[in-house]
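See below for structure_6.txt, which holds compact mmCIF, C-alpha atoms.
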```txt
# COMPACT_ATOMS: atom_id res chain seq x y z
CA MET A 1 -111.78 29.16 73.10
CA ALA A 2 -115.38 28.78 71.90
CA LYS A 3 -116.21 26.13 69.33
CA GLN A 4 -117.01 28.78 66.71
CA SER A 5 -113.63 30.41 67.25
CA VAL A 6 -111.86 27.08 66.75
CA VAL A 7 -113.81 26.40 63.55
CA ALA A 8 -113.14 29.92 62.24
CA ALA A 9 -109.43 29.64 63.04
CA SER A 10 -109.26 26.25 61.34
CA HIS A 11 -110.99 27.64 58.25
CA PHE A 12 -108.62 30.62 58.22
CA ASP A 13 -105.58 28.32 58.45
CA ARG A 14 -106.83 26.14 55.58
CA GLU A 15 -107.55 29.18 53.42
CA ARG A 16 -104.14 30.68 54.19
CA MET A 17 -102.46 27.38 53.23
CA ARG A 18 -104.47 27.20 49.99
CA HIS A 19 -103.50 30.78 49.17
CA LEU A 20 -99.81 30.02 49.78
CA GLN A 21 -100.02 26.94 47.55
CA VAL A 22 -101.62 28.93 44.72
CA ASN A 23 -98.96 31.63 45.00
CA HIS A 24 -96.21 28.99 45.02
CA ALA A 25 -97.69 27.37 41.89
CA PHE A 26 -97.75 30.73 40.08
CA ALA A 27 -94.15 31.42 41.09
CA LYS A 28 -93.10 28.01 39.78
CA LEU A 29 -95.05 28.49 36.53
CA ARG A 30 -93.34 31.82 35.98
CA THR A 31 -89.91 30.16 36.18
CA VAL A 32 -90.63 27.69 33.37
CA ILE A 33 -92.01 30.18 30.85
CA PRO A 34 -89.22 31.79 28.82
CA ALA A 35 -89.05 35.48 27.95
CA PHE A 36 -90.53 36.81 31.18
CA PRO A 37 -88.48 39.68 32.59
CA VAL A 38 -86.97 38.48 35.87
CA ASP A 39 -86.60 41.98 37.28
CA ARG A 40 -90.31 42.81 37.08
CA LYS A 41 -93.14 41.50 39.22
CA MET A 42 -95.90 40.03 37.09
CA SER A 43 -99.56 39.63 37.92
CA LYS A 44 -101.19 36.22 37.98
CA HIS A 45 -103.15 37.28 34.92
CA GLU A 46 -99.95 38.08 33.01
CA ILE A 47 -98.42 34.76 34.04
CA LEU A 48 -101.47 32.81 32.83
CA ARG A 49 -101.60 34.69 29.52
CA GLY A 50 -97.89 34.06 29.01
CA ALA A 51 -98.32 30.36 29.80
CA ILE A 52 -101.18 30.05 27.33
CA ARG A 53 -99.17 31.81 24.63
CA TYR A 54 -96.15 29.59 25.33
CA VAL A 55 -98.26 26.43 25.04
CA HIS A 56 -99.64 27.68 21.72
CA ILE A 57 -96.10 28.37 20.48
CA LEU A 58 -95.04 24.85 21.47
CA GLU A 59 -98.09 23.42 19.68
CA TYR A 60 -97.10 25.39 16.57
CA ILE A 61 -93.52 24.09 16.77
CA LEU A 62 -94.82 20.52 17.07
CA GLY A 63 -97.10 21.03 14.07
CA MET A 64 -100.28 20.82 16.10
CA ARG A 65 -101.40 24.40 15.40
CA ASP A 66 -101.58 26.68 12.36
CA PHE A 67 -99.58 29.89 12.41
CA SER A 68 -102.80 31.87 11.90
CA ASP A 69 -104.08 30.48 15.22
CA LEU A 70 -100.87 31.58 16.92
CA GLU A 71 -101.28 35.17 15.75
CA SER A 72 -104.70 35.40 17.42
CA VAL A 73 -103.24 34.76 20.88
CA PRO A 74 -102.69 38.11 22.62
CA ALA A 75 -99.26 38.96 23.99
CA GLU A 76 -98.68 39.31 27.74
CA GLY A 77 -99.33 43.04 27.96
CA ASN A 78 -102.66 43.07 26.08
```
I need this file expressed as structure tokens, please.
Amino acid sequence: MAKQSVVAASHFDRERMRHLQVNHAFAKLRTVIPAFPVDRKMSKHEILRGAIRYVHILEYILGMRDFSDLESVPAEGN
């Protein structure tokens, strides 16, 4: 195998591993955010928006955020 092929294969393997780790992290994040439908696949974008909204709700519950701020956070589908 030529040196370039070895380098390209190594890069591909690292990128594949990184991609798997990112997907695993999103799957784990989805499991800790309540109110996500378990029977529906969700995009990474939907998971991130849901996580942000959940953090804002927790901040509101802890008294760290005004309710008016909470209303400005879009729901998952928007």
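Proximity of A:Arg40, A:Glu46, A:Val22, A:Pro34 to Leu58 of chain A, computed with only C-alpha atoms, is greatest for A:Pro34.
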Would you list the contacts of Leu29 of chain A as a list in words, taking every protein, DNA or RNA residue within 9 Å and counting only C-alpha atoms, but skipping same-chain residues closer than 6 positions in sequence?
Ile47, Leu48 and Ala51 of chain A
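For the atom pair formed by atom CA of Leu62 of chain A and atom CA of Ser43 of chain A, the distance is 28.7 Å, given to one decimal.
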Between A:Ile52, A:Val6, A:Met17, A:Ile61, single out the one closest to Arg30 of chain A, counting only C-alpha atoms.
A:Ile52
Could you tell me how far atom CA of Val32 of chain A lies from atom CA of Gly50 of chain A, in Å and to one decimal?
10.6 Å
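Note that atom CA of Asp39 of chain A and atom CA of Ile57 of chain A are 23.6 Å apart.
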